[in-house]
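Text of my_file02.cif, listed as mmCIF, C-alpha atoms:
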```
data_start
#
loop_
_atom_site.label_atom_id
_atom_site.label_comp_id
_atom_site.auth_asym_id
_atom_site.auth_seq_id
_atom_site.Cartn_x
_atom_site.Cartn_y
_atom_site.Cartn_z
CA SER A 1 16.91 -43.43 7.07
CA ALA A 2 15.72 -42.77 3.53
CA VAL A 3 17.62 -40.54 1.14
CA ILE A 4 15.35 -38.56 -1.14
CA SER A 5 16.39 -36.46 -4.08
CA GLN A 6 14.29 -34.10 -6.15
CA LYS A 7 14.79 -32.61 -9.57
CA PRO A 8 14.89 -29.81 -10.39
CA SER A 9 15.93 -28.10 -7.17
CA ARG A 10 14.48 -24.86 -8.46
CA ASP A 11 12.96 -23.44 -11.62
CA ILE A 12 11.48 -20.26 -12.99
CA CYS A 13 8.61 -20.84 -15.39
CA GLN A 14 6.27 -18.83 -17.53
CA ARG A 15 2.56 -18.62 -16.92
CA GLY A 16 0.58 -21.27 -18.77
CA THR A 17 3.38 -23.81 -18.99
CA SER A 18 3.80 -27.07 -17.05
CA LEU A 19 6.64 -28.42 -14.94
CA THR A 20 7.29 -31.99 -13.91
CA ILE A 21 9.09 -32.58 -10.63
CA GLN A 22 10.87 -35.86 -10.03
CA CYS A 23 11.34 -37.60 -6.70
CA GLN A 24 13.80 -40.47 -6.30
CA VAL A 25 14.20 -42.56 -3.13
CA ASP A 26 17.16 -44.77 -2.33
CA SER A 27 14.96 -47.61 -1.04
CA GLN A 28 11.60 -49.11 -1.86
CA VAL A 29 8.67 -47.42 -0.19
CA THR A 30 4.97 -48.10 -0.44
CA MET A 31 3.62 -44.60 0.05
CA MET A 32 4.93 -41.34 -1.25
CA PHE A 33 3.45 -37.96 -0.46
CA TRP A 34 3.57 -34.62 -2.25
CA TYR A 35 3.35 -31.36 -0.31
CA ARG A 36 3.21 -27.72 -1.28
CA GLN A 37 4.64 -24.95 0.86
CA GLN A 38 3.65 -21.46 -0.20
CA PRO A 39 5.86 -18.56 0.85
CA GLY A 40 5.81 -18.08 4.61
CA GLN A 41 3.27 -20.86 5.09
CA SER A 42 3.19 -24.36 6.50
CA LEU A 43 3.17 -27.51 4.38
CA THR A 44 -0.06 -28.55 2.68
CA LEU A 45 -0.56 -32.13 1.56
CA ILE A 46 -1.41 -32.35 -2.13
CA ALA A 47 -1.78 -36.08 -2.60
CA THR A 48 -0.71 -39.56 -1.56
CA ALA A 49 0.83 -41.73 -4.26
CA ASN A 50 0.75 -45.50 -4.04
CA GLN A 51 2.59 -47.65 -6.51
CA GLY A 52 0.21 -49.30 -8.93
CA SER A 53 -2.85 -47.22 -8.14
CA GLU A 54 -4.24 -43.76 -8.70
CA ALA A 55 -3.05 -41.03 -6.40
CA THR A 56 -5.40 -39.87 -3.68
CA TYR A 57 -5.85 -36.10 -3.70
CA GLU A 58 -6.64 -33.86 -0.77
CA SER A 59 -9.47 -31.38 -0.81
CA GLY A 60 -8.67 -28.46 -3.06
CA PHE A 61 -6.28 -30.37 -5.32
CA VAL A 62 -7.29 -32.11 -8.53
CA ILE A 63 -5.61 -34.54 -10.87
CA ASP A 64 -5.92 -32.29 -13.91
CA LYS A 65 -3.87 -29.60 -12.20
CA PHE A 66 -1.41 -31.88 -10.36
CA PRO A 67 -1.11 -35.19 -12.22
CA ILE A 68 1.08 -37.70 -10.38
CA SER A 69 2.86 -40.78 -11.62
CA ARG A 70 4.18 -43.63 -9.49
CA PRO A 71 5.72 -46.17 -11.84
CA ASN A 72 7.68 -48.10 -9.22
CA LEU A 73 8.52 -48.25 -5.53
CA THR A 74 11.40 -45.75 -5.67
CA PHE A 75 10.17 -43.01 -7.99
CA SER A 76 7.34 -40.54 -8.45
CA THR A 77 6.62 -37.40 -10.43
CA LEU A 78 4.36 -34.45 -9.78
CA THR A 79 3.37 -32.18 -12.65
CA VAL A 80 2.17 -28.66 -12.03
CA SER A 81 0.01 -27.91 -15.06
CA ASN A 82 -1.02 -24.64 -16.69
CA MET A 83 0.90 -22.70 -14.09
CA SER A 84 -0.01 -19.32 -12.71
CA PRO A 85 1.91 -17.09 -10.27
CA GLU A 86 -0.20 -18.53 -7.44
CA ASP A 87 1.57 -21.86 -8.00
CA SER A 88 4.86 -20.33 -6.90
CA SER A 89 5.81 -22.54 -3.96
CA ILE A 90 8.20 -25.13 -2.69
CA TYR A 91 7.06 -28.61 -3.64
CA LEU A 92 8.26 -31.42 -1.38
CA CYS A 93 8.25 -35.15 -1.81
CA SER A 94 7.99 -37.34 1.28
CA VAL A 95 8.04 -41.06 2.10
CA ASP A 96 7.27 -43.32 5.01
CA ARG A 97 10.11 -45.65 5.81
CA THR A 98 9.07 -49.12 4.72
CA GLY A 99 9.25 -51.85 7.32
CA SER A 100 9.87 -49.56 10.23
CA SER A 101 8.25 -50.30 13.54
CA TYR A 102 6.83 -46.84 13.59
CA ASN A 103 6.04 -44.18 11.06
CA GLU A 104 9.02 -41.94 10.47
CA GLN A 105 8.39 -39.78 7.47
CA PHE A 106 11.31 -38.44 5.48
CA PHE A 107 11.24 -35.37 3.30
CA GLY A 108 13.13 -34.43 0.20
CA PRO A 109 14.96 -31.11 -0.14
CA GLY A 110 12.12 -29.56 -2.11
CA THR A 111 11.72 -27.92 -5.50
CA ARG A 112 11.42 -24.14 -5.42
CA LEU A 113 9.12 -23.03 -8.22
CA THR A 114 8.64 -19.44 -9.32
CA VAL A 115 5.98 -18.67 -11.92
CA LEU A 116 6.19 -15.37 -13.74
CA ASP B 1 -7.39 -29.91 9.25
CA ALA B 2 -4.51 -30.08 11.69
CA LYS B 3 -5.45 -31.48 15.08
CA THR B 4 -2.87 -29.45 16.99
CA THR B 5 -2.44 -25.84 18.07
CA GLN B 6 0.90 -24.20 18.81
CA PRO B 7 2.07 -20.68 19.62
CA PRO B 8 3.20 -18.97 16.41
CA SER B 9 6.58 -17.96 17.76
CA MET B 10 8.93 -18.28 20.72
CA ASP B 11 12.44 -17.29 21.55
CA CYS B 12 15.03 -18.74 23.85
CA ALA B 13 18.55 -17.83 24.96
CA GLU B 14 21.36 -19.97 23.68
CA GLY B 15 22.34 -22.65 26.16
CA ARG B 16 18.99 -22.59 27.92
CA ALA B 17 16.22 -25.15 27.63
CA ALA B 18 13.61 -24.42 24.99
CA ASN B 19 10.13 -25.65 25.91
CA LEU B 20 7.66 -25.76 23.04
CA PRO B 21 4.02 -26.43 23.96
CA CYS B 22 1.36 -28.13 21.84
CA ASN B 23 -2.35 -28.68 22.39
CA HIS B 24 -4.05 -31.73 20.87
CA SER B 25 -7.28 -32.00 22.81
CA THR B 26 -9.03 -34.17 20.21
CA ILE B 27 -6.31 -36.81 19.99
CA SER B 28 -7.68 -40.36 19.78
CA GLY B 29 -6.41 -43.35 21.71
CA ASN B 30 -4.40 -44.84 18.86
CA GLU B 31 -2.74 -41.61 17.73
CA TYR B 32 0.79 -40.67 18.59
CA VAL B 33 2.32 -37.25 19.06
CA TYR B 34 5.12 -36.51 16.62
CA TRP B 35 7.43 -33.53 16.42
CA TYR B 36 9.21 -32.35 13.31
CA ARG B 37 11.24 -29.26 12.61
CA GLN B 38 12.02 -27.37 9.45
CA ILE B 39 15.19 -25.40 9.23
CA HIS B 40 15.07 -22.64 6.65
CA SER B 41 15.00 -23.88 3.05
CA GLN B 42 15.17 -27.55 4.05
CA GLY B 43 12.61 -30.35 4.23
CA PRO B 44 11.12 -31.15 7.65
CA GLN B 45 13.17 -33.38 9.93
CA TYR B 46 11.80 -35.92 12.40
CA ILE B 47 12.64 -35.20 16.04
CA ILE B 48 10.72 -37.51 18.35
CA HIS B 49 7.39 -39.19 18.92
CA GLY B 50 5.43 -40.69 21.82
CA LEU B 51 2.09 -42.12 22.92
CA LYS B 52 1.62 -41.43 26.61
CA ASN B 53 4.96 -41.90 28.29
CA ASN B 54 7.69 -39.32 28.33
CA GLU B 55 10.31 -39.94 25.68
CA THR B 56 13.91 -38.83 25.27
CA ASN B 57 16.42 -39.19 22.49
CA GLU B 58 19.64 -37.52 21.48
CA MET B 59 17.81 -34.50 20.11
CA ALA B 60 15.04 -33.75 22.58
CA SER B 61 12.61 -34.84 25.27
CA LEU B 62 8.86 -35.15 24.87
CA ILE B 63 6.55 -34.69 27.83
CA ILE B 64 2.92 -35.76 27.29
CA THR B 65 0.28 -34.94 29.88
CA GLU B 66 -1.59 -37.77 31.53
CA ASP B 67 -4.81 -36.92 29.68
CA ARG B 68 -2.79 -36.71 26.44
CA LYS B 69 -4.42 -33.44 25.50
CA SER B 70 -1.16 -31.54 25.40
CA SER B 71 2.56 -32.06 25.18
CA THR B 72 5.84 -30.18 25.44
CA LEU B 73 8.95 -30.61 23.37
CA ILE B 74 12.11 -29.80 25.29
CA LEU B 75 15.42 -28.93 23.67
CA PRO B 76 17.66 -29.14 26.75
CA HIS B 77 20.48 -26.87 25.64
CA ALA B 78 19.37 -24.77 22.71
CA THR B 79 21.94 -23.69 20.15
CA LEU B 80 21.72 -21.27 17.26
CA ARG B 81 21.33 -24.28 14.96
CA ASP B 82 18.03 -25.06 16.65
CA THR B 83 16.46 -21.99 15.09
CA ALA B 84 13.63 -23.48 13.00
CA VAL B 85 9.89 -23.95 12.71
CA TYR B 86 8.73 -26.78 14.97
CA TYR B 87 5.64 -28.78 14.07
CA CYS B 88 3.60 -30.85 16.50
CA ILE B 89 1.56 -33.52 14.73
CA VAL B 90 -0.74 -36.35 15.74
CA ARG B 91 -0.92 -39.43 13.60
CA LEU B 92 -1.38 -43.17 13.72
CA LEU B 93 1.65 -45.24 14.65
CA GLN B 94 1.31 -48.11 12.27
CA TYR B 95 1.68 -47.55 8.61
CA SER B 96 -1.66 -47.08 6.89
CA SER B 97 -3.35 -44.82 4.43
CA ALA B 98 -4.78 -42.93 7.36
CA SER B 99 -1.41 -42.04 8.79
CA LYS B 100 -0.65 -39.14 6.48
CA ILE B 101 0.90 -36.12 8.11
CA ILE B 102 -1.19 -32.97 8.23
CA PHE B 103 0.87 -29.95 9.25
CA GLY B 104 -0.42 -27.12 11.37
CA SER B 105 1.13 -23.69 11.49
CA GLY B 106 3.99 -24.68 13.79
CA THR B 107 6.06 -22.58 16.20
CA ARG B 108 8.89 -20.46 14.87
CA LEU B 109 11.66 -20.81 17.46
CA SER B 110 14.38 -18.20 17.51
CA ILE B 111 17.51 -18.77 19.55
CA ARG B 112 19.24 -15.60 20.63
CA PRO B 113 22.98 -15.51 21.39
#
```
Re-express the file's structure as structure tokens.
Amino acid sequence: SAVISQKPSRDICQRGTSLTIQCQVDSQVTMMFWYRQQPGQSLTLIATANQGSEATYESGFVIDKFPISRPNLTFSTLTVSNMSPEDSSIYLCSVDRTGSSYNEQFFGPGTRLTVL
Amino acid sequence: DAKTTQPPSMDCAEGRAANLPCNHSTISGNEYVYWYRQIHSQGPQYIIHGLKNNETNEMASLIITEDRKSSTLILPHATLRDTAVYYCIVRLLQYSSASKIIFGSGTRLSIRP
């Protein structure tokens, strides 16, 4: 299995500010994924982050709002920029286990963000 | 968009089998059926996956119809700890950029004592 940690675990932020969420994996992985889960809702994929290339964003998400870094095979960051109360969500990092015979995707514990 | 449809909620008595249905009528030949669950305030957890044969592991059994258009996840002896949202997902088996997980609405399973 893959052990994933996220920082911070939760935060309360003011409107108009930005927050960077860190995701650390205990093994090298090629693909990392960022999801958003709004209150009472299912998970929505924000983007796929490959090491050494630009992140690929899903419809409705743009790089200016959610810039992503992927400096190496064990780490990624997601920034939520110019926040508004509508950005209040749980943000989850996820990875596919490298070298597995099938795709088993692991999820981090999430970052609970509240924007006032 | 998610390629699966599930009932929004179900309940089951503790100790009984919980049977969670999923429709995936547009599944393609090289896509697998995966099940995940999300216990409150935690990240989703992998349960089981399959292509066309029935599968069983220590957590659950997966029954896939012959036409592959639907499946059922079976928790044989549900406990209170099985209370969670269960997601049925179709995705490619082999790792690729196309194998990202798209979540549907899931089924909220409540286990009653």
So, with all atoms listed in the file as the atoms that count, which of A:Cys23, A:Cys93, A:Leu78, A:Leu73 lies closest to Ser53 in chain A?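 For Ser53 in chain A, the nearest of the candidates is A:Leu73.
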If the PyMOL selection byres ((chain B and resi 18) around 7) is run on the structure shown, which residues does it catch, given as a ChimeraX atom specification? /B:12,16-17,19-20,74-76,78
Report as a PyMOL selection string the residues that result from applying the PyMOL selection byres ((chain B and resi 79-88) around 6) to the structure here. chain B and resi 14+34-39+78+89+106-111
Compute the set of chain B residues within 12 Å of chain A, using all atoms listed in the file, and express it as an MDAnalysis selection string. chainID B and resid 1:2 8 31:51 85:108
Output file for the residues above (C-alpha atoms, as a CSV table (one decimal), in the frame of the given file):
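Dumped to out-v2.csv:
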```csv
chain,number,residue,atom,x,y,z
B,1,ASP,CA,-7.4,-29.9,9.2
B,2,ALA,CA,-4.5,-30.1,11.7
B,8,PRO,CA,3.2,-19.0,16.4
B,31,GLU,CA,-2.7,-41.6,17.7
B,32,TYR,CA,0.8,-40.7,18.6
B,33,VAL,CA,2.3,-37.2,19.1
B,34,TYR,CA,5.1,-36.5,16.6
B,35,TRP,CA,7.4,-33.5,16.4
B,36,TYR,CA,9.2,-32.4,13.3
B,37,ARG,CA,11.2,-29.3,12.6
B,38,GLN,CA,12.0,-27.4,9.4
B,39,ILE,CA,15.2,-25.4,9.2
B,40,HIS,CA,15.1,-22.6,6.6
B,41,SER,CA,15.0,-23.9,3.0
B,42,GLN,CA,15.2,-27.6,4.0
B,43,GLY,CA,12.6,-30.4,4.2
B,44,PRO,CA,11.1,-31.2,7.6
B,45,GLN,CA,13.2,-33.4,9.9
B,46,TYR,CA,11.8,-35.9,12.4
B,47,ILE,CA,12.6,-35.2,16.0
B,48,ILE,CA,10.7,-37.5,18.4
B,49,HIS,CA,7.4,-39.2,18.9
B,50,GLY,CA,5.4,-40.7,21.8
B,51,LEU,CA,2.1,-42.1,22.9
B,85,VAL,CA,9.9,-24.0,12.7
B,86,TYR,CA,8.7,-26.8,15.0
B,87,TYR,CA,5.6,-28.8,14.1
B,88,CYS,CA,3.6,-30.8,16.5
B,89,ILE,CA,1.6,-33.5,14.7
B,90,VAL,CA,-0.7,-36.4,15.7
B,91,ARG,CA,-0.9,-39.4,13.6
B,92,LEU,CA,-1.4,-43.2,13.7
B,93,LEU,CA,1.6,-45.2,14.6
B,94,GLN,CA,1.3,-48.1,12.3
B,95,TYR,CA,1.7,-47.6,8.6
B,96,SER,CA,-1.7,-47.1,6.9
B,97,SER,CA,-3.4,-44.8,4.4
B,98,ALA,CA,-4.8,-42.9,7.4
B,99,SER,CA,-1.4,-42.0,8.8
B,100,LYS,CA,-0.6,-39.1,6.5
B,101,ILE,CA,0.9,-36.1,8.1
B,102,ILE,CA,-1.2,-33.0,8.2
B,103,PHE,CA,0.9,-30.0,9.2
B,104,GLY,CA,-0.4,-27.1,11.4
B,105,SER,CA,1.1,-23.7,11.5
B,106,GLY,CA,4.0,-24.7,13.8
B,107,THR,CA,6.1,-22.6,16.2
B,108,ARG,CA,8.9,-20.5,14.9
```
Run the PyMOL selection byres ((chain A and resi 116) around 10) on the file and write out the hits as a VMD selection string. chain A and resid 12 to 16 83 to 88 113 to 115
If we count only C-alpha atoms, what is near Leu19 in chain A at a cut-off of 7 Å, once residues fewer than 5 positions away on the same chain are taken out, given as a list in words?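 That gives Thr79, Val80 and Ser81 of chain A.
Comparing the minimum interatomic distances between Ile68 in chain A and each of A:Ser18, A:Trp34, A:Ser89, A:Gln6, counting all atoms listed in the file, we find that A:Trp34 sits nearest.
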Which polymer residues have any atom within 8 Å of an atom of His24 in chain B, counting all atoms listed in the file, with same-chain residues fewer than 3 positions away left out, as number ranges by chain? B: 3-5, 27, 68-71, 90
CA of Ala60 in chain B and CA of Cys22 in chain B are how many Å apart?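 About the pair CA of Ala60 in chain B and CA of Cys22 in chain B: they are 14.8 Å apart.
For the atom pair formed by CA of Thr26 in chain B and CA of Gln37 in chain A, the distance is 25.4 Å, given to one decimal.
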Grab the CA of Met10 in chain B to CA of Gly40 in chain A distance for me, in Å with one decimal place. 16.4 Å
To box range 69-75 of chain B, take all atoms listed in the file, fit an axis-aligned box, add 3 Å on each side, and give centre and edge lengths in Å to one decimal, as AutoDock Vina command-line options.
```
--center_x 5.5 --center_y -31.2 --center_z 24.4 --size_x 25.8 --size_y 10.5 --size_z 8.1
```
Of the candidates A:Ser5, A:Gln38, A:Ser27, A:Asn82, which shows the shortest atom-to-atom distance to Pro67 in chain A, using all atoms listed in the file?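 Smallest distance to Pro67 in chain A is found for A:Asn82.
Among the candidates A:Gln51, A:Asp11, A:Ile46, A:Val3, the one nearest to Asp26 in chain A when counting only C-alpha atoms is A:Val3.
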